[in-house]
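Trainee: Just one file: work23.cif, with mmCIF, N, CA and C atoms.
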data_input
#
loop_
_atom_site.label_atom_id
_atom_site.label_comp_id
_atom_site.auth_asym_id
_atom_site.auth_seq_id
_atom_site.Cartn_x
_atom_site.Cartn_y
_atom_site.Cartn_z
N MET I 1 4.63 -8.55 -4.23
CA MET I 1 4.68 -8.33 -5.66
C MET I 1 3.27 -8.25 -6.21
N PHE I 2 2.70 -7.09 -6.15
CA PHE I 2 1.37 -6.85 -6.71
C PHE I 2 1.54 -5.78 -7.77
N VAL I 3 1.06 -6.05 -8.95
CA VAL I 3 1.21 -5.09 -10.05
C VAL I 3 -0.03 -4.20 -10.10
N PHE I 4 0.16 -2.91 -9.87
CA PHE I 4 -0.93 -1.95 -9.96
C PHE I 4 -1.04 -1.53 -11.43
N GLN I 5 -2.01 -2.10 -12.12
CA GLN I 5 -2.21 -1.77 -13.52
C GLN I 5 -3.71 -1.68 -13.79
N THR I 6 -4.07 -1.32 -15.01
CA THR I 6 -5.47 -1.06 -15.35
C THR I 6 -6.40 -2.20 -14.97
N ARG I 7 -5.99 -3.45 -15.15
CA ARG I 7 -6.91 -4.55 -14.87
C ARG I 7 -6.83 -5.05 -13.43
N THR I 8 -6.01 -4.44 -12.59
CA THR I 8 -5.97 -4.84 -11.18
C THR I 8 -6.49 -3.69 -10.33
N VAL I 9 -5.59 -2.95 -9.69
CA VAL I 9 -6.00 -1.85 -8.81
C VAL I 9 -5.21 -0.59 -9.20
N PRO I 10 -5.66 0.08 -10.26
CA PRO I 10 -4.96 1.32 -10.64
C PRO I 10 -5.31 2.43 -9.64
N TYR I 11 -4.29 2.97 -9.01
CA TYR I 11 -4.55 4.04 -8.04
C TYR I 11 -4.44 5.38 -8.75
N GLN I 12 -5.19 6.35 -8.25
CA GLN I 12 -5.17 7.69 -8.83
C GLN I 12 -4.38 8.68 -7.98
N GLU I 13 -4.10 8.30 -6.72
CA GLU I 13 -3.39 9.22 -5.83
C GLU I 13 -2.42 8.46 -4.94
N LEU I 14 -1.22 8.99 -4.81
CA LEU I 14 -0.22 8.45 -3.90
C LEU I 14 0.14 9.56 -2.92
N LYS I 15 -0.03 9.29 -1.64
CA LYS I 15 0.31 10.25 -0.59
C LYS I 15 1.37 9.61 0.29
N ARG I 16 2.44 10.34 0.56
CA ARG I 16 3.53 9.80 1.38
C ARG I 16 3.81 10.73 2.54
N ILE I 17 3.90 10.15 3.74
CA ILE I 17 4.25 10.90 4.94
C ILE I 17 5.49 10.26 5.55
N THR I 18 6.57 11.02 5.66
CA THR I 18 7.82 10.53 6.22
C THR I 18 8.12 11.34 7.48
N GLN I 19 8.49 10.63 8.55
CA GLN I 19 8.78 11.30 9.82
C GLN I 19 10.20 10.96 10.28
N TRP I 20 10.76 11.83 11.14
CA TRP I 20 12.05 11.62 11.77
C TRP I 20 11.88 11.80 13.26
N ARG I 21 12.67 11.08 14.03
CA ARG I 21 12.53 11.12 15.49
C ARG I 21 13.59 12.02 16.13
N HIS I 22 13.13 12.84 17.08
CA HIS I 22 14.01 13.72 17.84
C HIS I 22 13.62 13.58 19.32
N ALA I 23 14.57 13.15 20.13
CA ALA I 23 14.32 13.06 21.57
C ALA I 23 14.58 14.43 22.18
N ASN I 24 13.83 14.76 23.23
CA ASN I 24 14.08 16.06 23.87
C ASN I 24 14.29 15.89 25.36
N GLN I 25 15.01 16.80 25.89
CA GLN I 25 15.31 16.83 27.33
C GLN I 25 14.97 18.21 27.85
N SER I 26 14.12 18.27 28.86
CA SER I 26 13.74 19.56 29.45
C SER I 26 14.94 20.19 30.13
N ARG I 27 15.01 21.53 30.05
CA ARG I 27 16.08 22.28 30.70
C ARG I 27 15.46 23.42 31.48
N VAL I 28 16.02 23.72 32.64
CA VAL I 28 15.51 24.80 33.49
C VAL I 28 15.86 26.14 32.85
N GLY I 29 14.83 26.97 32.68
CA GLY I 29 15.05 28.33 32.17
C GLY I 29 15.40 28.42 30.70
N ASP I 30 15.30 27.33 29.98
CA ASP I 30 15.64 27.35 28.55
C ASP I 30 14.73 26.38 27.81
N ARG I 31 14.76 26.44 26.52
CA ARG I 31 13.98 25.51 25.72
C ARG I 31 14.58 24.11 25.83
N PRO I 32 13.77 23.09 25.56
CA PRO I 32 14.30 21.72 25.63
C PRO I 32 15.46 21.52 24.65
N ALA I 33 16.37 20.65 25.01
CA ALA I 33 17.46 20.26 24.11
C ALA I 33 16.97 19.09 23.26
N TYR I 34 17.29 19.10 21.99
CA TYR I 34 16.83 18.05 21.08
C TYR I 34 18.01 17.28 20.52
N GLN I 35 17.79 15.98 20.31
CA GLN I 35 18.81 15.14 19.70
C GLN I 35 18.13 14.25 18.66
N PHE I 36 18.71 14.23 17.47
CA PHE I 36 18.18 13.39 16.40
C PHE I 36 18.49 11.93 16.74
N VAL I 37 17.45 11.08 16.76
CA VAL I 37 17.66 9.68 17.12
C VAL I 37 17.38 8.72 15.96
N GLY I 38 17.05 9.24 14.79
CA GLY I 38 16.89 8.37 13.63
C GLY I 38 15.58 8.57 12.89
N PRO I 39 15.43 7.79 11.83
CA PRO I 39 14.20 7.90 11.04
C PRO I 39 13.00 7.38 11.81
N GLY I 40 11.85 7.94 11.50
CA GLY I 40 10.59 7.49 12.11
C GLY I 40 9.79 6.69 11.09
N THR I 41 8.48 6.80 11.17
CA THR I 41 7.64 6.04 10.26
C THR I 41 7.62 6.67 8.87
N ASP I 42 7.39 5.83 7.90
CA ASP I 42 7.28 6.23 6.51
C ASP I 42 6.03 5.53 5.98
N ILE I 43 5.01 6.29 5.66
CA ILE I 43 3.71 5.72 5.28
C ILE I 43 3.31 6.21 3.90
N ILE I 44 2.87 5.28 3.07
CA ILE I 44 2.31 5.61 1.76
C ILE I 44 0.85 5.20 1.75
N THR I 45 0.01 6.10 1.26
CA THR I 45 -1.41 5.82 1.10
C THR I 45 -1.74 5.90 -0.38
N LEU I 46 -2.28 4.82 -0.91
CA LEU I 46 -2.70 4.77 -2.31
C LEU I 46 -4.22 4.77 -2.33
N SER I 47 -4.82 5.63 -3.14
CA SER I 47 -6.27 5.65 -3.21
C SER I 47 -6.71 5.80 -4.66
N GLY I 48 -7.93 5.32 -4.91
CA GLY I 48 -8.47 5.41 -6.26
C GLY I 48 -9.87 4.86 -6.33
N THR I 49 -10.36 4.77 -7.54
CA THR I 49 -11.69 4.28 -7.81
C THR I 49 -11.61 3.17 -8.84
N LEU I 50 -12.26 2.05 -8.54
CA LEU I 50 -12.33 0.93 -9.47
C LEU I 50 -13.71 0.88 -10.09
N LEU I 51 -13.76 0.61 -11.36
CA LEU I 51 -15.00 0.36 -12.08
C LEU I 51 -14.89 -1.05 -12.62
N PRO I 52 -15.40 -2.05 -11.89
CA PRO I 52 -15.15 -3.46 -12.22
C PRO I 52 -15.44 -3.87 -13.66
N GLU I 53 -16.30 -3.15 -14.36
CA GLU I 53 -16.54 -3.48 -15.77
C GLU I 53 -15.32 -3.15 -16.63
N PHE I 54 -14.47 -2.23 -16.16
CA PHE I 54 -13.34 -1.77 -16.95
C PHE I 54 -11.99 -2.03 -16.28
N THR I 55 -11.97 -2.00 -14.94
CA THR I 55 -10.71 -2.17 -14.21
C THR I 55 -10.86 -3.33 -13.23
N GLY I 56 -9.95 -3.43 -12.31
CA GLY I 56 -10.00 -4.47 -11.29
C GLY I 56 -11.20 -4.31 -10.38
N GLY I 57 -11.34 -5.26 -9.47
CA GLY I 57 -12.47 -5.24 -8.57
C GLY I 57 -12.16 -5.85 -7.23
N ARG I 58 -13.18 -6.43 -6.63
CA ARG I 58 -13.07 -6.99 -5.28
C ARG I 58 -11.99 -8.07 -5.18
N LEU I 59 -11.87 -8.93 -6.18
CA LEU I 59 -10.88 -10.01 -6.13
C LEU I 59 -9.46 -9.45 -6.03
N ASP I 60 -9.21 -8.35 -6.70
CA ASP I 60 -7.88 -7.75 -6.64
C ASP I 60 -7.60 -7.16 -5.26
N LEU I 61 -8.61 -6.53 -4.67
CA LEU I 61 -8.44 -6.03 -3.30
C LEU I 61 -8.28 -7.18 -2.31
N ASP I 62 -8.99 -8.29 -2.57
CA ASP I 62 -8.84 -9.47 -1.72
C ASP I 62 -7.43 -10.06 -1.82
N GLU I 63 -6.83 -9.96 -3.00
CA GLU I 63 -5.44 -10.44 -3.16
C GLU I 63 -4.50 -9.62 -2.28
N ILE I 64 -4.73 -8.33 -2.22
CA ILE I 64 -3.91 -7.47 -1.36
C ILE I 64 -4.15 -7.82 0.11
N ARG I 65 -5.40 -8.11 0.46
CA ARG I 65 -5.70 -8.55 1.83
C ARG I 65 -4.97 -9.85 2.16
N ASP I 66 -4.92 -10.79 1.19
CA ASP I 66 -4.19 -12.04 1.40
C ASP I 66 -2.71 -11.77 1.63
N MET I 67 -2.14 -10.82 0.90
CA MET I 67 -0.74 -10.45 1.10
C MET I 67 -0.55 -9.91 2.52
N ALA I 68 -1.48 -9.07 2.98
CA ALA I 68 -1.39 -8.50 4.33
C ALA I 68 -1.52 -9.58 5.38
N ASP I 69 -2.40 -10.58 5.13
CA ASP I 69 -2.59 -11.68 6.08
C ASP I 69 -1.31 -12.47 6.33
N GLN I 70 -0.40 -12.49 5.35
CA GLN I 70 0.85 -13.21 5.52
C GLN I 70 1.78 -12.52 6.51
N GLY I 71 1.56 -11.23 6.74
CA GLY I 71 2.42 -10.49 7.66
C GLY I 71 3.81 -10.27 7.11
N GLN I 72 3.95 -10.34 5.81
CA GLN I 72 5.27 -10.19 5.18
C GLN I 72 5.42 -8.81 4.56
N ALA I 73 6.65 -8.48 4.21
CA ALA I 73 6.95 -7.22 3.53
C ALA I 73 7.03 -7.49 2.03
N TRP I 74 6.69 -6.48 1.25
CA TRP I 74 6.66 -6.61 -0.20
C TRP I 74 7.40 -5.43 -0.83
N PRO I 75 8.15 -5.67 -1.91
CA PRO I 75 8.83 -4.56 -2.58
C PRO I 75 7.81 -3.67 -3.27
N LEU I 76 8.01 -2.37 -3.17
CA LEU I 76 7.15 -1.40 -3.84
C LEU I 76 7.98 -0.73 -4.93
N VAL I 77 7.56 -0.94 -6.17
CA VAL I 77 8.28 -0.39 -7.32
C VAL I 77 7.29 0.41 -8.15
N GLU I 78 7.62 1.65 -8.42
CA GLU I 78 6.78 2.53 -9.23
C GLU I 78 6.86 2.10 -10.69
N GLY I 79 5.88 2.47 -11.49
CA GLY I 79 5.86 2.13 -12.91
C GLY I 79 7.07 2.66 -13.67
N THR I 80 7.70 3.70 -13.15
CA THR I 80 8.89 4.27 -13.79
C THR I 80 10.15 3.46 -13.47
N GLY I 81 10.00 2.49 -12.56
CA GLY I 81 11.15 1.69 -12.13
C GLY I 81 11.74 2.13 -10.81
N ARG I 82 11.26 3.25 -10.26
CA ARG I 82 11.77 3.73 -8.96
C ARG I 82 11.41 2.73 -7.88
N GLN I 83 12.41 2.31 -7.10
CA GLN I 83 12.21 1.34 -6.04
C GLN I 83 12.09 2.07 -4.71
N TYR I 84 11.00 1.78 -3.99
CA TYR I 84 10.75 2.41 -2.70
C TYR I 84 11.24 1.57 -1.53
N GLY I 85 11.58 0.31 -1.76
CA GLY I 85 12.02 -0.57 -0.68
C GLY I 85 10.93 -1.54 -0.28
N LEU I 86 11.03 -2.07 0.96
CA LEU I 86 10.08 -3.07 1.46
C LEU I 86 8.99 -2.43 2.29
N TRP I 87 7.74 -2.84 2.04
CA TRP I 87 6.57 -2.25 2.69
C TRP I 87 5.63 -3.35 3.15
N VAL I 88 4.93 -3.09 4.25
CA VAL I 88 3.88 -3.99 4.71
C VAL I 88 2.53 -3.29 4.50
N VAL I 89 1.51 -4.08 4.23
CA VAL I 89 0.16 -3.55 4.10
C VAL I 89 -0.43 -3.46 5.50
N THR I 90 -0.81 -2.27 5.92
CA THR I 90 -1.37 -2.11 7.26
C THR I 90 -2.87 -1.87 7.26
N GLN I 91 -3.43 -1.47 6.11
CA GLN I 91 -4.87 -1.22 6.07
C GLN I 91 -5.37 -1.24 4.63
N VAL I 92 -6.55 -1.83 4.44
CA VAL I 92 -7.27 -1.79 3.16
C VAL I 92 -8.67 -1.27 3.47
N GLU I 93 -9.02 -0.17 2.85
CA GLU I 93 -10.35 0.41 3.05
C GLU I 93 -11.09 0.36 1.71
N GLU I 94 -12.34 -0.05 1.75
CA GLU I 94 -13.12 -0.24 0.52
C GLU I 94 -14.54 0.28 0.73
N THR I 95 -15.01 1.08 -0.23
CA THR I 95 -16.38 1.59 -0.21
C THR I 95 -17.01 1.26 -1.55
N THR I 96 -18.13 0.51 -1.53
CA THR I 96 -18.81 0.13 -2.77
C THR I 96 -20.10 0.92 -2.92
N SER I 97 -20.44 1.21 -4.19
CA SER I 97 -21.67 1.96 -4.46
C SER I 97 -22.15 1.68 -5.88
N HIS I 98 -23.31 2.22 -6.21
CA HIS I 98 -23.93 2.06 -7.54
C HIS I 98 -24.01 0.59 -7.93
N PHE I 99 -24.94 -0.12 -7.33
CA PHE I 99 -25.01 -1.57 -7.45
C PHE I 99 -25.86 -2.04 -8.63
N PHE I 100 -25.45 -3.16 -9.23
CA PHE I 100 -26.26 -3.85 -10.22
C PHE I 100 -27.38 -4.58 -9.50
N ARG I 101 -28.32 -5.13 -10.23
CA ARG I 101 -29.45 -5.85 -9.63
C ARG I 101 -29.00 -7.03 -8.76
N ASP I 102 -27.89 -7.66 -9.14
CA ASP I 102 -27.43 -8.83 -8.39
C ASP I 102 -26.61 -8.45 -7.15
N GLY I 103 -26.44 -7.16 -6.92
CA GLY I 103 -25.71 -6.70 -5.74
C GLY I 103 -24.24 -6.40 -6.00
N MET I 104 -23.75 -6.68 -7.19
CA MET I 104 -22.36 -6.37 -7.52
C MET I 104 -22.21 -4.86 -7.69
N PRO I 105 -21.14 -4.30 -7.13
CA PRO I 105 -20.96 -2.85 -7.24
C PRO I 105 -20.44 -2.44 -8.62
N GLN I 106 -20.90 -1.30 -9.07
CA GLN I 106 -20.38 -0.71 -10.30
C GLN I 106 -19.17 0.17 -10.01
N LYS I 107 -19.06 0.58 -8.75
CA LYS I 107 -18.00 1.50 -8.35
C LYS I 107 -17.44 1.07 -7.00
N ILE I 108 -16.10 0.98 -6.92
CA ILE I 108 -15.42 0.64 -5.68
C ILE I 108 -14.33 1.68 -5.44
N GLU I 109 -14.47 2.42 -4.35
CA GLU I 109 -13.43 3.35 -3.96
C GLU I 109 -12.57 2.67 -2.91
N PHE I 110 -11.25 2.84 -3.00
CA PHE I 110 -10.36 2.14 -2.09
C PHE I 110 -9.25 3.05 -1.61
N THR I 111 -8.72 2.67 -0.45
CA THR I 111 -7.53 3.30 0.11
C THR I 111 -6.67 2.20 0.70
N LEU I 112 -5.41 2.14 0.30
CA LEU I 112 -4.45 1.18 0.84
C LEU I 112 -3.40 1.95 1.63
N THR I 113 -3.08 1.45 2.82
CA THR I 113 -2.05 2.08 3.63
C THR I 113 -0.88 1.11 3.76
N LEU I 114 0.30 1.59 3.42
CA LEU I 114 1.52 0.79 3.45
C LEU I 114 2.52 1.47 4.38
N GLU I 115 3.29 0.65 5.11
CA GLU I 115 4.31 1.21 6.00
C GLU I 115 5.67 0.61 5.66
N HIS I 116 6.66 1.49 5.56
CA HIS I 116 8.02 1.08 5.20
C HIS I 116 8.67 0.30 6.35
N VAL I 117 9.30 -0.81 6.03
CA VAL I 117 10.03 -1.59 7.03
C VAL I 117 11.51 -1.57 6.67
N ASP I 118 12.33 -2.11 7.53
CA ASP I 118 13.77 -2.16 7.34
C ASP I 118 14.10 -2.93 6.05
N ASP I 119 14.68 -2.26 5.07
CA ASP I 119 14.98 -2.88 3.78
C ASP I 119 16.00 -4.00 3.87
N THR I 120 16.77 -4.06 4.95
CA THR I 120 17.78 -5.11 5.08
C THR I 120 17.19 -6.41 5.62
N ARG I 121 15.94 -6.37 6.08
CA ARG I 121 15.28 -7.55 6.67
C ARG I 121 14.65 -8.41 5.58
N THR I 122 15.46 -9.07 4.80
CA THR I 122 14.94 -9.91 3.72
C THR I 122 14.17 -11.12 4.26
N ASP I 123 14.32 -11.42 5.56
CA ASP I 123 13.54 -12.51 6.15
C ASP I 123 12.05 -12.15 6.22
N LEU I 124 11.72 -10.85 6.10
CA LEU I 124 10.33 -10.41 6.10
C LEU I 124 9.69 -10.47 4.72
N LEU I 125 10.51 -10.72 3.70
CA LEU I 125 10.04 -10.67 2.32
C LEU I 125 9.00 -11.74 2.04
N GLY I 126 7.85 -11.32 1.48
CA GLY I 126 6.78 -12.25 1.11
C GLY I 126 7.19 -13.09 -0.08
N SER I 127 6.53 -14.22 -0.25
CA SER I 127 6.87 -15.10 -1.36
C SER I 127 5.82 -15.01 -2.46
N LEU I 128 6.28 -15.19 -3.67
CA LEU I 128 5.39 -15.16 -4.82
C LEU I 128 4.54 -16.42 -4.86
N THR I 129 3.29 -16.24 -5.24
CA THR I 129 2.41 -17.39 -5.45
C THR I 129 2.29 -17.64 -6.93
N THR I 130 1.77 -18.79 -7.30
CA THR I 130 1.55 -19.11 -8.71
C THR I 130 0.66 -18.05 -9.34
N TYR I 131 -0.36 -17.61 -8.60
CA TYR I 131 -1.29 -16.59 -9.08
C TYR I 131 -0.54 -15.30 -9.40
N THR I 132 0.33 -14.87 -8.48
CA THR I 132 1.06 -13.62 -8.67
C THR I 132 2.02 -13.73 -9.83
N ILE I 133 2.71 -14.85 -9.95
CA ILE I 133 3.64 -15.05 -11.06
C ILE I 133 2.89 -14.98 -12.39
N ALA I 134 1.72 -15.60 -12.46
CA ALA I 134 0.91 -15.56 -13.68
C ALA I 134 0.48 -14.14 -14.01
N ARG I 135 0.13 -13.36 -12.97
CA ARG I 135 -0.28 -11.98 -13.19
C ARG I 135 0.86 -11.14 -13.73
N LEU I 136 2.06 -11.38 -13.19
CA LEU I 136 3.23 -10.64 -13.66
C LEU I 136 3.51 -10.96 -15.13
N ALA I 137 3.20 -12.19 -15.51
CA ALA I 137 3.41 -12.61 -16.89
C ALA I 137 2.27 -12.12 -17.80
N GLY I 138 1.21 -11.55 -17.20
CA GLY I 138 0.13 -11.00 -17.99
C GLY I 138 -1.04 -11.94 -18.19
N ALA I 139 -1.10 -13.03 -17.45
CA ALA I 139 -2.19 -13.98 -17.60
C ALA I 139 -2.86 -14.21 -16.25
N TYR I 140 -4.10 -14.64 -16.29
CA TYR I 140 -4.84 -14.99 -15.07
C TYR I 140 -4.86 -16.51 -14.92
N VAL I 141 -4.83 -16.99 -13.68
CA VAL I 141 -4.96 -18.43 -13.45
C VAL I 141 -6.36 -18.76 -13.01
#
Rewrite the structure from the file as structure tokens, please.
Mentor:
Amino acid sequence: MFVFQTRTVPYQELKRITQWRHANQSRVGDRPAYQFVGPGTDIITLSGTLLPEFTGGRLDLDEIRDMADQGQAWPLVEGTGRQYGLWVVTQVEETTSHFFRDGMPQKIEFTLTLEHVDDTRTDLLGSLTTYTIARLAGAYV
């Protein structure tokens, strides 16, 4: 449960790649025979630019890293209310530039990679922390 909003990690691009699996069997004198064996991987990549003076920053990306460290799945819900199901964080990429004198970045470019897991596996569901609950309510702890 991470809210992507202006003061956290607003992403500017969502890229989704969905695959399906087909097993094949070689045949003599003919093309291979194919059989559909089910859905494959479903990956969403969120990318954007943070300007810590106006939007979220390193602490927000660290919160996502903490969620990934738990090894749990998290519901992904679009701002329109569309539910994508349960997803795990598989990668957080961060590039900082344009630094202040103290070394703090003025600009942080990020890419988050999420992978869809079995939506029926509620045992994988991550738990809310006090920090996350406060953020959902619109306050910081």
Trainee: Write out as a list in words which residues come within 12 Å of I:Gln106 when counting only C-alpha atoms, dropping same-chain ones fewer than 6 positions away.
Mentor: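 The filter keeps Thr49, Leu50, Leu51, Pro52, Glu53, Phe54, Thr55, Gly56, Gly57, Arg58, Thr95, Thr96, Ser97, His98, Phe99 and Phe100 of chain I.
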Trainee: Decode the PyMOL selection byres ((chain I and resi 34-48) around 8) for the given file into explicit residues and return them as a PyMOL selection string.
Mentor: chain I and resi 9-26+31-33+49-51+108-117
Trainee: As a list in words, please: every residue in chain I that a backbone DSSP assignment puts in helix (DSSP H, G or I).
Mentor: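 Going through chain I, the helix (DSSP H, G or I) residues come out as Arg58, Leu59, Asp60, Leu61, Asp62, Glu63, Ile64, Arg65, Asp66, Met67, Ala68, Asp69, Thr122, Asp123, Leu124, Thr130, Tyr131, Thr132, Ile133, Ala134, Arg135 and Leu136 of chain I.
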Trainee: Taking the file as shown, what set of residues would the PyMOL selection byres ((chain I and resi 66-73) around 6) give back, as a list in words?
Mentor: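 This file, filtered by the PyMOL selection byres ((chain I and resi 66-73) around 6), leaves Asp62, Glu63, Ile64, Arg65, Trp74, Pro75, Leu86, Trp87, Val88, Val89, Leu124, Leu125 and Gly126 of chain I.
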Trainee: Write down as JSON, numbers by chain the residues belonging to stretch 33-127 of chain I that are assigned strand (DSSP E or B) by DSSP computed on the backbone.
Mentor: {"I": [33, 34, 35, 36, 37, 38, 39, 40, 41, 42, 43, 44, 45, 46, 47, 48, 49, 50, 73, 74, 75, 76, 77, 83, 84, 85, 86, 87, 88, 89, 90, 91, 92, 93, 94, 95, 96, 97, 98, 99, 105, 106, 107, 108, 109, 110, 111, 112, 113, 114, 115, 116, 125]}
Trainee: What separation in Å, quoted to one decimal, exists between atom N of I:Leu59 and atom C of I:Thr8?
Mentor: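 Computing the Euclidean distance for atom N of I:Leu59 and atom C of I:Thr8 yields 8.6 Å.
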Trainee: Got a moment to write stretch 52-64 of chain I out with N, CA and C atoms, as a JSON list (two decimals), in the first residue's frame?
Mentor:
[["chain", "number", "residue", "atom", "x", "y", "z"],
["I", 52, "PRO", "N", 12.91, 16.96, -5.24],
["I", 52, "PRO", "CA", 12.64, 16.91, -3.80],
["I", 52, "PRO", "C", 12.13, 18.21, -3.18],
["I", 53, "GLU", "N", 12.41, 19.35, -3.78],
["I", 53, "GLU", "CA", 11.88, 20.60, -3.25],
["I", 53, "GLU", "C", 10.36, 20.69, -3.44],
["I", 54, "PHE", "N", 9.83, 19.95, -4.43],
["I", 54, "PHE", "CA", 8.42, 20.04, -4.76],
["I", 54, "PHE", "C", 7.67, 18.72, -4.61],
["I", 55, "THR", "N", 8.38, 17.60, -4.84],
["I", 55, "THR", "CA", 7.74, 16.29, -4.78],
["I", 55, "THR", "C", 8.48, 15.42, -3.79],
["I", 56, "GLY", "N", 8.24, 14.14, -3.83],
["I", 56, "GLY", "CA", 8.92, 13.19, -2.95],
["I", 56, "GLY", "C", 10.39, 13.11, -3.24],
["I", 57, "GLY", "N", 11.08, 12.32, -2.44],
["I", 57, "GLY", "CA", 12.52, 12.21, -2.60],
["I", 57, "GLY", "C", 13.03, 10.85, -2.19],
["I", 58, "ARG", "N", 14.26, 10.83, -1.70],
["I", 58, "ARG", "CA", 14.94, 9.59, -1.35],
["I", 58, "ARG", "C", 14.18, 8.77, -0.31],
["I", 59, "LEU", "N", 13.61, 9.43, 0.69],
["I", 59, "LEU", "CA", 12.90, 8.71, 1.75],
["I", 59, "LEU", "C", 11.72, 7.92, 1.18],
["I", 60, "ASP", "N", 11.05, 8.47, 0.19],
["I", 60, "ASP", "CA", 9.92, 7.77, -0.41],
["I", 60, "ASP", "C", 10.39, 6.55, -1.20],
["I", 61, "LEU", "N", 11.50, 6.69, -1.91],
["I", 61, "LEU", "CA", 12.06, 5.53, -2.62],
["I", 61, "LEU", "C", 12.56, 4.49, -1.63],
["I", 62, "ASP", "N", 13.11, 4.95, -0.49],
["I", 62, "ASP", "CA", 13.54, 4.01, 0.55],
["I", 62, "ASP", "C", 12.35, 3.25, 1.14],
["I", 63, "GLU", "N", 11.20, 3.91, 1.23],
["I", 63, "GLU", "CA", 9.99, 3.21, 1.72],
["I", 63, "GLU", "C", 9.61, 2.07, 0.78],
["I", 64, "ILE", "N", 9.73, 2.32, -0.51],
["I", 64, "ILE", "CA", 9.44, 1.26, -1.49],
["I", 64, "ILE", "C", 10.47, 0.14, -1.36]]
